[in-house]
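Encoded as C-alpha cells, the structure appears first; notes follow it.
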Amino acid sequence: MKTTLAWLKEHLDTEAPLDAIVDRLIMLGHEVEGVENRAAGLEPFTVASVVSAERHPNADRLKVCVVDTGNGQVQVVCGASNAHTGMKGVFAPAGTVIPRTGALLKETVIRGVTSRGMLCSAYELGLGDDREGIIELPQDAPVGAPYASLIGLGDTVLDIKVTPNRADCLGVRGIARDLAAAGLGRLKPLDKTPVPGCFRSPIGIAIKDRTACPLFLGRHLRGLHNGPSPAWLQNKLEAIGLRPISALVDITNLLTFDLDRPLHVFDAGRLAGDLTVRLARPGETLLALNGQEYALDPEITVIADCAGVQSLGGVIGGEETACTEATTEVLIEAALFDPVRTAATGRKLNIASDARYRFERGLDPAFVRDGLEIATRLMLDLCGGEASEIITAGAVPDWRRRYVLRAERPASLGGLHVPHQESAAILTALGCAVETLAGGDLSVEPPSWRGDIIGEADLVEEVLRIEGYDQIPAVPLERATPLSRPALKPVQRRAELVRRTLAERGLTEGMTFSFVSAREAELFGGAKPELRLINPISADLDAMRPSLLPALVTAARRNADRGFPDAALFELGPLYRDDTPEGQVLAAAGVRSGRIGPRHWRMPAREPDLYDVKADALAALAAMGAPAENIQITADPPSWYHPGRAGTLRLGPTVLGAFGGLHPAVLEALDARPPIAAFEVFLDAVPAPRAARAKPPLRLSVFQPIERDFAFVLDRDLPAETLLRAARSIDRKLVSEIRLFDVYQGTGLPEGKKSLAITVVLQPQERTLTEAEIEGFSKRLIAQVEKATGGKLRA
C-alpha cells in the first residue's frame with residue numbers, strides 16, 4: 001500500500017513531521033517498508049528558458065545556447081536537435097551529478113566554445129528512455145523553479161505493509177483514520193453528498209447467486225468525454241506506481257487506493273442488454289483487460305450480458321466492454337463479492353489485481369453507495385455528462401454485531417491496565433459505537449469497515465494498539481521448572497557469558513595446549529621451576545603456561561603465514577602461576593592482528609590498537625557483572641606489553657586484567673609480525689555481583705534529552721577516566737550518558753596541560769528541566785570535576 005505524504009494529509013489534518021508519522025504507523029502495527037524521496041538527485045535541476053540558440057561556429061551538429069536560469073544567463077553548448085530559441089527546458093549547472101550515469105558535470109570547452117552547464121533529456125535524468133532530444137516544457141513553466149516539483153516528484157512516498165486482517169487500511173483514508181485515532185491529527189470529513197439522478201438507467205441488473213454477490217449497485221452516465229485525466233490525478237497515480245490510462249479508468253483506480261473502494265466501468269454502448277451476476281457456465285471464456293483469454297468454470301462469479309461474460313466479479317474486467325477515448329456512456333459497477341470465491345478465482349486463473357487483493361480481504365459493506373456517489377461526482381466533474389438514478393440489486397449485508405469488553409480484560413489478556421473510560425474513548429475514536437455497562441464493562445459495536453473485529457480479544461488488541469504496545473510493562477514468565485534456584489550459580493555462568501560476548505565482538509575461539517616452551521613462558525613471566533614439566537610430551541612444550549597469549553600469538557602468526565593475516569582470536573581457560581593459593585587462574589585472553597575491517601574504498605582498513613582490545617576486555621568484564629564505572633585503568637601493564645601503549649584494569653588493589661599492544665621484543669621472539677594488540681581478563685578476580693534490588697521496567701521518556709558539552713584543562717598525565725568518574729558521580733538518575741569526545745594538547749594551553757571535552761546527556765523522566773535546573777546541574781558537575789582532578793573549566 002503506497003501513498004504520498006500530501007495525499008495522506010488530504011484526509012488527515014496534522015502538523016506532525018514525517019518521522020513522527022512513520023514511527024506512529026509502526027507502533028500501530030503498520031510496518032513502513034520504505035520512505036522514498038522521489039526528488040532525490042534532482043534537486044539541482046531547474047526550469048530554464050533558452051534566450052538564443054545559434055549554430056556552433058566549429059561544429060555543424062552543435063548549438064550555442066544562452067540560457068536564462070532565473071539567476072542570470074549561462075552559455076551552454078547543446079547537441080540536441082530540438083533546442084531552439086524561446087523554448088523552456090531543464091538546466092543543470094556545472095557541478096551537478098547526472099542521475100543516469102553518475103558523472104559529474106564540469107565546465108568545459110567544446111570545439112573552442114565554453115559550456116557552463118547542460119540542457120537535459122529525460123534519459124539523462126533517469127525519467128525515461130528518450131535520448132533523441134532535450135526535455136521541452138510548457139511555456140508557462142516558471143523559470144528557476146525546481147523541475148522535480150514541477151512534475152510532481154517533490155512529495156515523499158510511503159510504502160506501508162498492511163497485514164491481511166486490516167483490509168480497511170488498503171486505502172489512504174483507512175491509514176489516516178488509524179493515525180487520527182492514535183491522536184496524530186484529525187480525520188477530515190469526507191464529502192459523500194448524493195448526486196441526483198437525471199434519468200432512469202436503460203440497463204438493468206440482476207443477481208442470481210446472493211452468496212457470491214450480496215449487493216450490486218450500478219449507475220449509467222451519458223454525454224461523457226473520456227480524455228486524459230488532469231495532471232493532479234495523473235501525478236497521484238504515478239507517485240504510487242500506477243500508469244494513467246484515461247479519466248474514467250483513473251478515477252476507479254483513485255477510489256481503489258484512496259478510499260479502498262474498487263469499482264469497474266463498462267462502456268455502456270458496447271453492452272448487450274441487462275447485466276446479470278451469476279456463476280460461469282461450462283465452456284465460457286473471457287478476454288480480460290490484461291490481454292489474456294481465460295477458460296471459466298461454474299465456481300467462478302461472472303458479470304454477463306446477453307452476449308456473454310463481460311467481467312470476473314471482483315477480479316478483472318473484460319476487453320470487449322473496456323472504456324476507450326471514444327466512450328461516451330458508461331455503467332459504473334459498485335458491488336460486494338464473496339471474499340473466498342474471489343480469492344479462489346484469482347488463484348485458479350493466476351490473476352493478481354488490485355481489486356482482487358481488496359475483495360478477498362473483505363470490504364466495508366456500508367460504503368458501497370457512498371463510493372459510487374463519490375465516483376459519479378468525479379466523473380461528471382472531469383468528463384461532463386449526466387447521471388442516472390442508482391440501480392440496486394441485492395442488499396447491504398447485516399454487518400452489525402456487539403461484543404462486551406470487560407473492564408479487567410486489557411490487564412488480564414494484554415498485560416496493561418487501561419481505565420474503562422480510556423478504553424471507551426479509544427474505541428470511539430476508532431469508529432465503534434460504545435455503551436458503558438454496570439461495573440465499567442463496555443458494550444461495543446465495531447464499525448462497518450472493521451470486519452476483523454470478531455470478539456472481545458480483538459477489542460483488547462485495539463485498545464492496546466492505540467494505547468501503545470510500548471506501554472506494556474515487562475513481566476518475567478513464571479518458572480517452568482520445579483527448581484527453586486538456577487542450576488548454575490552466577491559465578492559458574494561467567495565463563496559462558498564471556499565466551500558469548502567475545503564471539504559477538506567478532507573474535508574466533510581457539511583451543512590450545514595448557515603448556516608452552518620454557519622460552520615462551522619466560523617472555524610472559526613464567527617458567528618457574530615448580531611449573532616445569534618433568535616428562536613433557538614434546539621438548540618445546542615443557543612448561544605450564546603463565547598466560548594464554550603465547551599460543552594465541554603463535555596461532556595468529558601461523559594464520560598469517562598461510563595467507564590470512566587478519567586474525568581476531570580468543571581463548572578461555574586456565575593459566576598457571578605460583579602467586580595464587582590454587583596455583584591456577586581462569587582467564588580469557590585475545591589477540592587482534594593484521595587489519596581491522598574489510599578493505600573498502602569508503603572505510604580504509606586500519607591496524608588494531610589498544611582501544612580495540614580495551615573494548616574487548618571491558619566487554620568481557622561487563623558480561624561478568626563487574627562494576628564498569630568503578631574500574632580503574634593504570635599505566636603499569638605487565639612487561640610483555642608495549643610501554644606507553646598498554647594499561648592495567650583494576651578494581652581497587654585487585655588486578656582484573658591488562659590490555660594493549662604487545663612489546664616488540666616479545667613479538668620478535670615469537671617470530672610474529674607487528675602490530676598485534678592483546679588483552680587478558682582474570683575471571684576469578686572479578687567479585688561476584690551483589691544481588692540487585694528490583695527495578696521498575698525501563699520506560700522511554702516523553703521528555704526531550706538535553707546535551708551539554710564541558711571542556712576542562714587538566715594535567716597532561718591525568719587519566720581521562722578520573723575526569724569521567726568524577727562527572728558520573730553527579731545525579732546518576734538524571735544523567736543517561738557521559739562520553740569523552742575531544743582531547744587537545746598544543747597552542748593556547750599552558751605547558752604540561754591538556755584539554756579534555758565531554759558530552760553529558762540529561763534525560764528527565766518526570767518533567768522538562770528549567771534553565772535554572774540545568775544551570776544548577778552544570779555548576780555541580782564543574783565543581784565536582786575541579787575538586788577531583790584539580791583542573792579548571794576551559795574558557
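Identifiers for the C-alpha cells are assigned positionally: chains receive A, B, ... in sequence, residues are indexed from 1 per chain, and ligands are indexed from 1 in the order shown.
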
Next item on the list: Extract, using only C-alpha atoms, all DNA, RNA and protein residues at most 8 Å from segment 496-506 of chain A, discarding same-chain residues fewer than 4 positions from it, and format them as a PyMOL selection string.
Entry: chain A and resi 568+570+572+588+616+619-621+623-624

Margin query: With only C-alpha atoms as the counted atoms, please give the residues lying no more than 9 Å from Glu43 of chain A, apart from itself and same-chain residues fewer than 4 positions off, as JSON, numbers by chain.
Written below: {"A": [39, 146, 147, 148]}

Checklist line | Filtered DSSP result for segment 528-707 of chain A, state strand (DSSP E), as a ChimeraX atom specification | finding: /A:543-544,567-576,584-593,632-634,641-651,654-662,676-682,706-707

Next item on the list: Tell me, as a ChimeraX atom specification, which residues lie within 12 Å of segment 665-676 of chain A, counting only C-alpha atoms; anything in the same chain fewer than 4 positions away does not count.
Entry: /A:516-517,519-525,549-561,565-569,590-596,606-610,612-613,638-643,645-646,659-661
